[in-house]
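The structure file query_14.cif is reproduced below (mmCIF, C-alpha atoms).
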```cif
data_final
#
loop_
_atom_site.label_atom_id
_atom_site.label_comp_id
_atom_site.auth_asym_id
_atom_site.auth_seq_id
_atom_site.Cartn_x
_atom_site.Cartn_y
_atom_site.Cartn_z
CA MET J 1 82.46 146.36 108.65
CA LYS J 2 84.86 144.83 111.16
CA LEU J 3 83.62 141.32 111.82
CA ASP J 4 86.22 140.72 114.53
CA ALA J 5 85.10 143.76 116.49
CA LEU J 6 81.49 142.76 116.11
CA LEU J 7 82.19 139.24 117.37
CA VAL J 8 84.21 140.49 120.34
CA GLY J 9 81.32 142.83 121.11
CA GLN J 10 79.10 139.78 121.53
CA ASN J 11 81.04 138.92 124.67
CA THR J 12 80.47 142.27 126.35
CA SER J 13 76.79 142.21 125.52
CA ALA J 14 76.13 139.24 127.81
CA SER J 15 73.43 139.59 130.42
CA LYS J 16 74.45 139.05 134.00
CA PRO J 17 73.39 135.69 135.43
CA SER J 18 70.43 136.05 137.74
CA GLU J 19 70.67 135.97 141.52
CA ALA J 20 68.21 133.08 141.52
CA MET J 21 70.58 131.02 139.41
CA ARG J 22 73.48 131.91 141.67
CA ALA J 23 71.49 130.82 144.72
CA ALA J 24 70.46 127.58 143.02
CA VAL J 25 74.02 126.70 142.08
CA LEU J 26 75.39 127.57 145.53
CA ALA J 27 72.64 125.51 147.13
CA GLU J 28 73.88 122.54 145.11
CA LEU J 29 77.10 122.70 147.13
CA ASP J 30 75.21 121.44 150.16
CA VAL J 31 73.36 118.59 148.49
CA ALA J 32 75.52 117.37 145.63
CA LYS J 33 77.66 114.31 146.02
CA VAL J 34 81.00 114.58 144.25
CA CYS J 35 81.20 111.89 141.60
CA SER J 36 84.65 110.38 142.01
CA TRP J 37 85.75 108.99 138.66
CA ARG J 38 88.34 106.78 140.36
CA ALA J 39 85.63 105.14 142.44
CA ASP J 40 83.53 104.73 139.30
CA VAL J 41 86.37 102.93 137.52
CA VAL J 42 86.85 100.63 140.50
CA ARG J 43 83.11 99.90 140.65
CA VAL J 44 82.86 98.98 136.97
CA VAL J 45 85.97 96.82 137.05
CA ALA J 46 84.87 95.16 140.29
CA SER J 47 81.41 94.41 138.90
CA SER J 48 82.93 92.67 135.86
CA TRP J 49 85.64 90.82 137.73
CA LEU J 50 83.41 89.66 140.57
CA LEU J 51 80.84 88.40 138.10
CA VAL J 52 83.51 86.46 136.21
CA LEU J 53 85.00 85.02 139.38
CA GLY J 54 81.54 84.06 140.60
CA VAL J 55 80.69 82.31 137.33
CA ALA J 56 84.04 80.50 137.33
CA GLY J 57 83.46 79.43 140.92
CA VAL J 58 80.02 78.06 140.13
CA LEU J 59 81.28 76.20 137.05
CA LEU J 60 84.16 74.74 139.06
CA ALA J 61 81.95 73.78 141.98
CA GLY J 62 79.37 72.23 139.66
CA GLY J 63 82.00 70.20 137.87
CA ALA J 64 81.27 71.85 134.50
CA ILE J 65 84.94 72.76 134.12
CA SER J 66 88.11 71.35 135.61
CA VAL J 67 91.03 73.12 137.22
CA SER J 68 93.30 71.99 134.37
CA HIS J 69 90.87 73.45 131.83
CA LEU J 70 90.83 76.71 133.79
CA ALA J 71 94.62 76.76 133.96
CA GLY J 72 94.84 76.17 130.21
CA ARG J 73 92.65 79.16 129.48
CA ALA J 74 94.17 81.32 132.21
CA PRO J 75 96.32 83.49 129.90
CA ASN J 76 93.31 84.44 127.80
CA ILE J 77 91.13 85.01 130.85
CA LEU J 78 93.71 87.17 132.61
CA GLY J 79 94.28 89.11 129.41
CA LEU J 80 90.57 89.78 129.08
CA MET J 81 90.36 90.85 132.72
CA GLY J 82 93.23 93.25 132.11
CA LEU J 83 91.45 94.63 129.07
CA ALA J 84 88.29 95.13 131.14
CA ALA J 85 90.25 97.24 133.61
CA ALA J 86 92.10 99.25 130.96
CA PHE J 87 88.98 99.90 128.87
CA SER J 88 86.97 100.90 131.94
CA PHE J 89 89.67 103.36 132.93
CA VAL J 90 89.87 104.98 129.49
CA ALA J 91 86.07 105.12 129.18
CA ILE J 92 85.52 106.80 132.54
CA ALA J 93 88.64 108.78 133.43
CA PRO J 94 88.89 112.43 132.35
CA ARG J 95 91.25 113.67 129.63
CA GLN J 96 91.34 110.35 127.79
CA ARG J 97 89.76 111.51 124.54
CA GLY J 98 92.77 110.65 122.43
CA ARG J 99 93.09 107.22 123.98
CA VAL J 100 89.49 106.15 123.33
CA SER J 101 90.13 105.53 119.62
CA LEU J 102 93.35 103.70 120.46
CA ALA J 103 91.53 101.54 123.00
CA LEU J 104 88.78 100.74 120.51
CA GLY J 105 91.50 99.62 118.10
CA VAL J 106 93.07 97.46 120.81
CA GLY J 107 89.63 95.96 121.40
CA ALA J 108 89.34 95.00 117.74
CA VAL J 109 92.79 93.39 117.87
CA ALA J 110 91.82 91.52 121.05
CA MET J 111 88.73 90.15 119.31
CA ILE J 112 90.83 88.86 116.43
CA GLY J 113 93.31 87.42 118.90
CA LEU J 114 90.52 85.64 120.76
CA VAL J 115 89.41 83.98 117.53
CA PHE J 116 92.90 82.84 116.57
CA ALA J 117 93.67 81.67 120.10
CA ARG J 118 90.91 79.08 119.91
CA GLN J 119 92.62 75.79 119.10
CA THR J 120 89.93 73.25 119.92
CA GLY J 121 86.91 72.57 117.82
CA GLN J 122 84.56 70.27 119.65
CA VAL J 123 80.94 69.94 118.66
CA SER J 124 78.36 70.95 121.24
CA ALA J 125 74.89 69.49 121.68
CA LEU J 126 73.52 72.96 122.36
CA PRO J 127 72.53 75.37 119.60
CA GLN J 128 75.32 77.84 118.84
CA TRP J 129 73.20 80.89 119.62
CA VAL J 130 73.09 79.80 123.27
CA CYS J 131 76.66 81.09 123.56
CA SER J 132 75.62 84.49 122.19
CA LEU J 133 72.67 84.62 124.53
CA SER J 134 74.87 83.74 127.51
CA HIS J 135 77.40 86.36 126.45
CA LEU J 136 74.71 89.05 126.27
CA ALA J 137 73.03 87.95 129.50
CA VAL J 138 76.24 87.97 131.51
CA ALA J 139 77.24 91.41 130.24
CA ALA J 140 73.81 93.00 130.70
CA GLY J 141 74.18 93.71 134.43
CA PRO J 142 77.64 95.28 134.31
CA LEU J 143 76.59 97.20 131.20
CA ALA J 144 73.55 98.74 132.90
CA PHE J 145 75.65 99.55 135.95
CA GLY J 146 78.44 101.04 133.87
CA MET J 147 76.04 103.16 131.83
CA SER J 148 74.54 104.56 135.02
CA LEU J 149 78.04 105.62 136.12
CA LEU J 150 78.77 107.08 132.71
CA ARG J 151 76.11 109.71 133.51
CA HIS J 152 78.61 111.30 135.89
CA SER J 153 80.31 112.99 132.95
CA ALA J 154 79.59 114.11 129.40
CA VAL J 155 78.54 110.99 127.54
CA SER J 156 79.84 110.27 124.07
CA ALA J 157 79.16 107.31 121.83
CA PRO J 158 82.84 106.23 121.52
CA ARG J 159 83.30 106.23 125.30
CA ALA J 160 80.07 104.30 125.74
CA ALA J 161 81.18 101.79 123.09
CA LEU J 162 84.46 101.35 124.93
CA LEU J 163 82.60 100.75 128.16
CA GLY J 164 80.54 98.18 126.25
CA LEU J 165 83.77 96.46 125.19
CA ALA J 166 84.97 96.55 128.81
CA VAL J 167 81.89 94.87 130.26
CA GLY J 168 81.64 92.61 127.21
CA THR J 169 84.82 90.90 128.37
CA THR J 170 82.65 89.12 130.96
CA GLY J 171 80.86 87.21 128.22
CA ALA J 172 84.14 86.58 126.39
CA ILE J 173 85.60 85.10 129.57
CA LEU J 174 82.51 82.96 130.03
CA GLY J 175 83.11 81.72 126.49
CA GLU J 176 86.70 80.87 127.38
CA LEU J 177 85.51 78.99 130.45
CA ALA J 178 82.54 77.08 129.13
CA CYS J 179 82.77 76.86 125.35
CA ASP J 180 85.03 74.47 123.44
CA GLN J 181 83.77 75.07 119.93
CA GLY J 182 85.99 76.15 117.07
CA TRP J 183 87.31 79.51 115.93
CA SER J 184 84.49 80.18 113.47
CA HIS J 185 81.96 79.75 116.28
CA VAL J 186 83.97 82.16 118.46
CA ALA J 187 84.15 84.70 115.64
CA ILE J 188 80.42 84.66 114.95
CA PHE J 189 78.69 83.85 118.21
CA HIS J 190 81.09 85.27 120.81
CA VAL J 191 82.85 88.17 119.12
CA GLY J 192 79.58 89.01 117.37
CA ALA J 193 77.82 89.28 120.73
CA TRP J 194 80.70 91.34 122.10
CA VAL J 195 80.34 93.79 119.21
CA VAL J 196 76.58 93.93 119.75
CA ILE J 197 77.14 94.97 123.38
CA ALA J 198 79.45 97.80 122.30
CA VAL J 199 76.97 98.97 119.67
CA VAL J 200 74.06 98.82 122.13
CA ALA J 201 76.09 100.88 124.61
CA ALA J 202 76.83 103.50 121.95
CA VAL J 203 73.18 103.69 120.89
CA VAL J 204 71.87 103.85 124.45
CA SER J 205 74.36 106.61 125.26
CA ARG J 206 72.44 108.94 122.94
CA ARG J 207 69.42 108.60 125.23
CA ILE J 208 71.21 109.01 128.53
CA VAL J 209 70.34 112.08 130.59
CA PRO J 210 73.65 113.11 132.17
CA ARG J 211 74.11 114.38 135.71
CA SER J 212 77.14 116.31 134.57
CA PHE J 213 78.59 117.62 131.34
CA ALA J 214 82.17 117.61 132.58
CA PRO J 215 84.68 116.13 130.13
CA MET V 1 63.87 117.51 131.46
CA LEU V 2 67.56 117.90 131.01
CA PHE V 3 69.11 117.33 134.35
CA GLU V 4 68.42 115.36 137.47
CA ASP V 5 69.85 115.75 140.92
CA ASP V 6 70.70 113.03 143.43
CA ARG V 7 67.15 112.89 144.63
CA GLY V 8 65.91 112.21 141.14
CA TYR V 9 63.96 115.34 140.39
CA SER V 10 64.52 117.91 137.76
CA ALA V 11 66.82 120.74 138.67
CA PHE V 12 65.49 122.70 135.76
CA ALA V 13 63.50 122.26 132.63
CA PHE V 14 63.87 123.68 129.15
CA GLY V 15 62.16 126.95 128.58
CA ALA V 16 61.48 127.46 132.23
CA ARG V 17 63.44 129.64 134.57
CA THR V 18 66.01 127.81 136.53
CA ILE V 19 64.94 128.11 140.12
CA ARG V 20 64.47 124.94 142.07
CA ALA V 21 61.83 125.27 144.75
CA ASP V 22 64.07 124.59 147.71
CA THR V 23 66.71 127.09 146.63
CA ALA V 24 64.47 129.94 147.69
CA LEU V 25 65.04 128.63 151.21
CA TYR V 26 68.81 128.90 150.96
CA PRO V 27 69.84 130.36 154.33
CA SER V 28 70.54 134.06 154.03
CA SER V 29 73.19 133.91 156.79
CA ALA V 30 75.12 131.29 154.89
CA ALA V 31 74.78 133.30 151.72
CA SER V 32 76.07 136.47 153.36
CA GLY V 33 78.94 134.45 154.83
CA LEU V 34 79.86 133.37 151.36
CA HIS V 35 79.72 136.97 150.17
CA CYS V 36 82.20 138.02 152.89
CA ALA V 37 84.54 135.16 152.09
CA THR V 38 84.40 135.83 148.38
CA ALA V 39 85.60 139.39 148.93
CA ALA V 40 88.83 138.04 150.42
CA MET V 41 89.45 135.90 147.36
CA ALA V 42 89.45 138.60 144.75
CA ASP V 43 93.22 138.40 144.26
CA LEU V 44 93.36 134.66 143.66
CA THR V 45 93.57 133.24 140.14
CA ASP V 46 90.81 131.04 138.76
CA GLU V 47 93.09 128.03 139.12
CA GLN V 48 93.86 128.81 142.76
CA LEU V 49 90.14 129.24 143.44
CA MET V 50 89.37 125.93 141.76
CA GLU V 51 92.01 124.14 143.80
CA GLN V 52 90.60 125.66 146.98
CA PHE V 53 87.12 124.61 145.91
CA CYS V 54 88.31 121.07 145.25
CA SER V 55 89.75 121.08 148.76
CA GLY V 56 86.30 121.87 150.13
CA ASP V 57 86.19 125.68 150.21
CA LYS V 58 82.68 126.63 149.13
CA ALA V 59 83.39 130.35 149.17
CA ALA V 60 86.03 129.81 146.49
CA PHE V 61 83.35 128.36 144.25
CA ALA V 62 81.09 131.36 144.85
CA THR V 63 83.89 133.67 143.73
CA LEU V 64 84.58 131.47 140.74
CA PHE V 65 80.92 131.54 139.81
CA ASP V 66 80.81 135.34 140.03
CA ARG V 67 83.84 135.58 137.77
CA LEU V 68 82.95 133.04 135.15
CA ALA V 69 79.16 132.82 134.93
CA GLY V 70 78.82 135.91 132.75
CA ARG V 71 81.35 134.62 130.24
CA VAL V 72 79.75 131.22 130.18
CA GLN V 73 76.35 132.73 129.53
CA SER V 74 77.77 134.99 126.83
CA PHE V 75 79.25 131.90 125.17
CA LEU V 76 76.00 129.98 125.38
CA LEU V 77 73.70 132.73 124.13
CA PRO V 78 74.97 132.80 120.54
CA MET V 79 75.21 129.01 120.63
CA VAL V 80 71.54 128.42 121.42
CA ARG V 81 70.03 131.83 120.63
CA ASP V 82 67.54 131.53 123.44
CA PRO V 83 68.18 133.53 126.63
CA ALA V 84 66.12 131.21 128.85
CA LEU V 85 67.88 128.14 127.51
CA ALA V 86 71.26 129.86 127.78
CA GLU V 87 70.54 130.56 131.44
CA ASP V 88 69.42 126.97 132.00
CA LEU V 89 72.62 125.73 130.40
CA THR V 90 74.74 128.16 132.42
CA GLN V 91 73.21 126.68 135.54
CA ALA V 92 73.76 123.16 134.19
CA THR V 93 77.39 124.06 133.54
CA PHE V 94 78.04 125.17 137.11
CA LEU V 95 76.06 122.28 138.58
CA SER V 96 78.40 120.06 136.56
CA VAL V 97 81.40 121.89 138.00
CA VAL V 98 80.07 121.25 141.52
CA ARG V 99 79.26 117.60 140.90
CA SER V 100 82.34 116.76 138.84
CA ARG V 101 85.05 118.84 140.49
CA ASP V 102 86.90 115.56 140.93
CA ARG V 103 87.42 115.53 137.14
CA TYR V 104 89.28 118.83 137.12
CA THR V 105 93.02 118.38 136.68
CA PHE V 106 95.03 120.64 138.99
CA GLY V 107 97.16 123.11 137.09
CA CYS V 108 94.95 123.24 134.02
CA SER V 109 93.25 126.49 133.04
CA VAL V 110 89.80 126.69 134.57
CA MET V 111 88.03 128.81 131.98
CA PRO V 112 88.61 126.44 129.02
CA TRP V 113 87.53 123.53 131.23
CA VAL V 114 84.32 125.30 132.21
CA LEU V 115 83.69 126.30 128.58
CA THR V 116 84.18 122.66 127.58
CA ILE V 117 81.39 121.76 129.99
CA ALA V 118 79.24 124.55 128.60
CA ALA V 119 79.91 123.40 125.03
CA ASN V 120 78.96 119.83 125.97
CA ALA V 121 75.76 121.09 127.59
CA ALA V 122 74.90 123.22 124.55
CA ARG V 123 75.56 120.37 122.14
CA ASP V 124 73.41 118.05 124.19
CA ALA V 125 70.59 120.60 124.40
CA LEU V 126 70.73 121.37 120.69
CA ARG V 127 70.67 117.70 119.87
CA ARG V 128 67.74 117.07 122.14
CA ARG V 129 65.72 119.96 120.87
CA LYS V 130 66.87 119.58 117.29
CA LEU V 131 67.43 123.31 117.23
CA ASP V 132 69.91 122.75 114.46
CA GLN V 133 67.18 121.88 112.01
CA ASN V 134 64.59 124.25 113.39
CA ASN V 135 66.53 127.44 113.84
CA ALA V 136 64.33 129.19 111.37
CA GLU V 137 61.39 128.51 113.64
CA VAL V 138 62.97 130.18 116.67
CA GLU V 139 61.01 133.26 117.53
CA GLU V 140 62.77 136.45 116.65
CA GLY V 141 61.58 137.91 119.93
CA VAL V 142 63.86 135.74 122.04
CA VAL V 143 67.00 137.25 120.58
CA HIS V 144 68.60 140.01 122.57
CA SER V 145 68.48 143.21 120.63
CA ASP V 146 70.17 146.40 121.59
CA PRO V 147 68.49 149.53 120.21
CA THR V 148 71.89 151.19 119.91
CA ASP V 149 73.43 148.66 117.58
CA HIS V 150 71.12 149.42 114.65
CA GLY V 151 70.43 145.73 114.11
CA LEU V 152 74.05 144.76 113.56
CA ARG V 153 74.18 142.46 116.53
CA ARG V 154 70.90 140.83 115.61
CA GLN V 155 72.13 140.21 112.09
CA LEU V 156 75.36 138.77 113.42
CA GLN V 157 73.45 136.45 115.73
CA SER V 158 71.26 135.35 112.85
CA ALA V 159 74.34 134.74 110.73
CA LEU V 160 75.92 132.71 113.54
CA GLN V 161 72.86 130.49 113.60
CA GLU V 162 73.39 129.76 109.91
CA LEU V 163 76.69 128.09 110.75
CA PRO V 164 76.79 124.39 111.59
CA VAL V 165 77.15 123.86 115.35
CA SER V 166 80.67 122.53 114.88
CA GLN V 167 81.79 125.77 113.22
CA ARG V 168 79.69 128.02 115.43
CA GLU V 169 81.17 126.78 118.69
CA VAL V 170 84.71 127.17 117.38
CA VAL V 171 84.05 130.70 116.10
CA VAL V 172 82.37 131.73 119.36
CA LEU V 173 85.06 130.16 121.55
CA HIS V 174 87.91 131.69 119.57
CA LYS V 175 86.57 135.03 118.41
CA VAL V 176 84.03 135.89 121.11
CA GLN V 177 85.56 134.20 124.17
CA GLY V 178 89.15 134.81 123.11
CA LEU V 179 90.40 131.26 123.63
CA SER V 180 93.53 130.17 121.79
CA PHE V 181 93.19 127.45 119.16
CA VAL V 182 94.93 125.04 121.52
CA GLN V 183 92.29 125.75 124.17
CA VAL V 184 89.47 125.58 121.62
CA ALA V 185 90.76 122.22 120.40
CA GLU V 186 90.85 120.95 123.98
CA ALA V 187 87.36 122.28 124.69
CA VAL V 188 85.75 120.81 121.59
CA GLY V 189 87.75 117.60 121.51
CA ILE V 190 89.44 118.03 118.14
CA THR V 191 92.97 118.72 116.96
CA GLU V 192 94.33 122.24 116.80
CA THR V 193 94.50 122.02 113.02
CA ALA V 194 90.87 120.96 112.82
CA ALA V 195 89.92 123.86 115.08
CA ARG V 196 91.74 126.30 112.79
CA ILE V 197 90.04 124.84 109.72
CA ARG V 198 86.58 124.99 111.29
CA ALA V 199 87.14 128.54 112.46
CA HIS V 200 88.36 129.58 109.02
CA ARG V 201 85.39 127.98 107.28
CA GLY V 202 82.99 129.50 109.77
CA TYR V 203 84.57 132.90 109.39
CA VAL V 204 84.42 132.73 105.61
CA LYS V 205 80.76 131.76 105.77
CA LEU V 206 80.02 134.53 108.26
CA ARG V 207 81.66 137.04 105.94
CA SER V 208 79.58 135.85 103.00
CA LEU V 209 76.41 135.94 105.07
CA LEU V 210 77.15 139.47 106.22
CA ALA V 211 78.47 140.66 102.87
CA HIS V 212 75.46 142.89 102.34
CA LEU V 213 76.43 144.87 105.43
CA GLU V 214 79.90 145.38 104.05
CA GLU V 215 78.49 146.51 100.73
CA SER V 216 76.11 148.96 102.36
CA LYS V 217 78.96 150.48 104.35
#
```
In structure tokens, what does this structure look like?
Amino acid sequence: MKLDALLVGQNTSASKPSEAMRAAVLAELDVAKVCSWRADVVRVVASSWLLVLGVAGVLLAGGAISVSHLAGRAPNILGLMGLAAAFSFVAIAPRQRGRVSLALGVGAVAMIGLVFARQTGQVSALPQWVCSLSHLAVAAGPLAFGMSLLRHSAVSAPRAALLGLAVGTTGAILGELACDQGWSHVAIFHVGAWVVIAVVAAVVSRRIVPRSFAP
Amino acid sequence: MLFEDDRGYSAFAFGARTIRADTALYPSSAASGLHCATAAMADLTDEQLMEQFCSGDKAAFATLFDRLAGRVQSFLLPMVRDPALAEDLTQATFLSVVRSRDRYTFGCSVMPWVLTIAANAARDALRRRKLDQNNAEVEEGVVHSDPTDHGLRRQLQSALQELPVSQREVVVLHKVQGLSFVQVAEAVGITETAARIRAHRGYVKLRSLLAHLEESK
């Protein structure tokens, strides 16, 4: 028995696609909107950045933070905004499969860096879990929006997790702006919430009904 | 429901034939126009057709569909072992091409890209229907059988279903569709070495599953 010949024969035995299917697919040309991945990246990044800028503006206007405090945290905040853009790009752009793992690794390093970058250690009157809740609440909107855009291509758990890390930067930036507690608090209640967002994104991705299976 | 269009309704459903109600109203004049235009494109490569399609030429897509749809369906059939589902997934594959043509990289081979989409669709469908675990419950009647092949093809298809999906798709892409290991690796999202290993393991398992045929020869 020649297994190779038998397998190759499978290809020639295919039935011809039906005319109805052909008509249905061609009809899609007239109604389908092309999902531009570049526009999707811009939308996700814009949603995160605008949210962060809005929150910073409100905190500044309300007197909750000062300009000097903002300037002191600016390197961390700008770094996190840069990560949001880079992670969004890798999560959404095509042909980035090899870079997703690398980006997830960079995310882990960024989390560690965020913990070690925290120098102050003031005690807050609020319960510590309020920070986690704020982190999750701020990231929820961009996460839902980002997941809806992820449907424009084949969804995978690592890409969804990376998108979760990207939108999770919003909560991390909020923590930089409004939280002065010590590194252990950042590690547990901020980074922990950030990880939860990435895990939720990966889990939800299994339930997503995609509009396209394109890589 | 597997797939939704922009207006939020199902373009097709599992187990059902893949005709959306409004497609029956597709203008015949437009369709014949496409047929004429496709005839003039016979000499173009798949990549040239895809680039023309990305530039807005709908007739190029019609030609591309006519060229590739059969191969896509022949890839999907052994993957899911259900002709109706294979047809649904073929449609899903080309709907994805239409909707996500922006994700095609100019200069890349079209066929591996389209087969990547088909493989993603098949994996998603198998996961959703848990066909992997329930293959034994698939009705024998849905498998294509050719009276001239004396059951060989049917036994091969059954043996293919015994393989894990990860090995099956590599074997089908490489042996049935004739893709190189580099293209298979790109389509499945693994390294070339991993593709070779999976194909080898799948092939060894296929041989053992079909050993009785060899012995009877």
If we count all atoms listed in the file, what is near segment 202-211 of chain V at a cut-off of 7 Å, once residues fewer than 4 positions away on the same chain are taken out, given as a ChimeraX atom specification?
/V:159-160,163,167-168,171,198,215
Applying 9 Å and all atoms listed in the file, which residues near Val97 of chain V remain after dropping the ones on its own chain fewer than 3 positions away? List them as a ChimeraX atom specification.
/J:212-214 /V:92-94,100-104,114,117
Output check: residues returned by the PyMOL selection byres ((chain V and resi 80) around 9), as number ranges by chain
V: 76-79, 81-83, 85-86, 122, 125-126, 131, 161
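Once the PyMOL selection byres ((chain J and resi 45) around 9) is applied to the shown structure, the selection contains Asp40, Val41, Val42, Arg43, Val44, Ala46, Ser47, Ser48, Trp49, Leu50, Met81, Ala84, Ala85, Ala86, Ser88, Phe89, Pro142, Ala166 and Val167 of chain J.
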Once the PyMOL selection byres ((chain J) within 7 of (chain V)) has been applied to the shown file, what residues remain in the selection, as JSON, numbers by chain?
{"J": [1, 4, 7, 8, 10, 11, 14, 15, 16, 17, 20, 21, 23, 24, 25, 26, 27, 28, 29, 32, 33, 34, 35, 36, 37, 94, 154, 209, 210, 211, 212, 213, 214, 215]}
Which residues, written as a list of chain:residue names, have at least one atom at most 8 Å from segment 129-136 of chain J, with only C-alpha atoms counted and residues fewer than 4 positions away on the same chain left out?
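Using only C-alpha atoms, the neighbours found are J:Ala140, J:Gly168, J:Thr170, J:Gly171, J:Ala172, J:Leu174, J:Gly175, J:Cys179, J:Phe189, J:His190, J:Gly192, J:Ala193, J:Trp194, J:Ile197.
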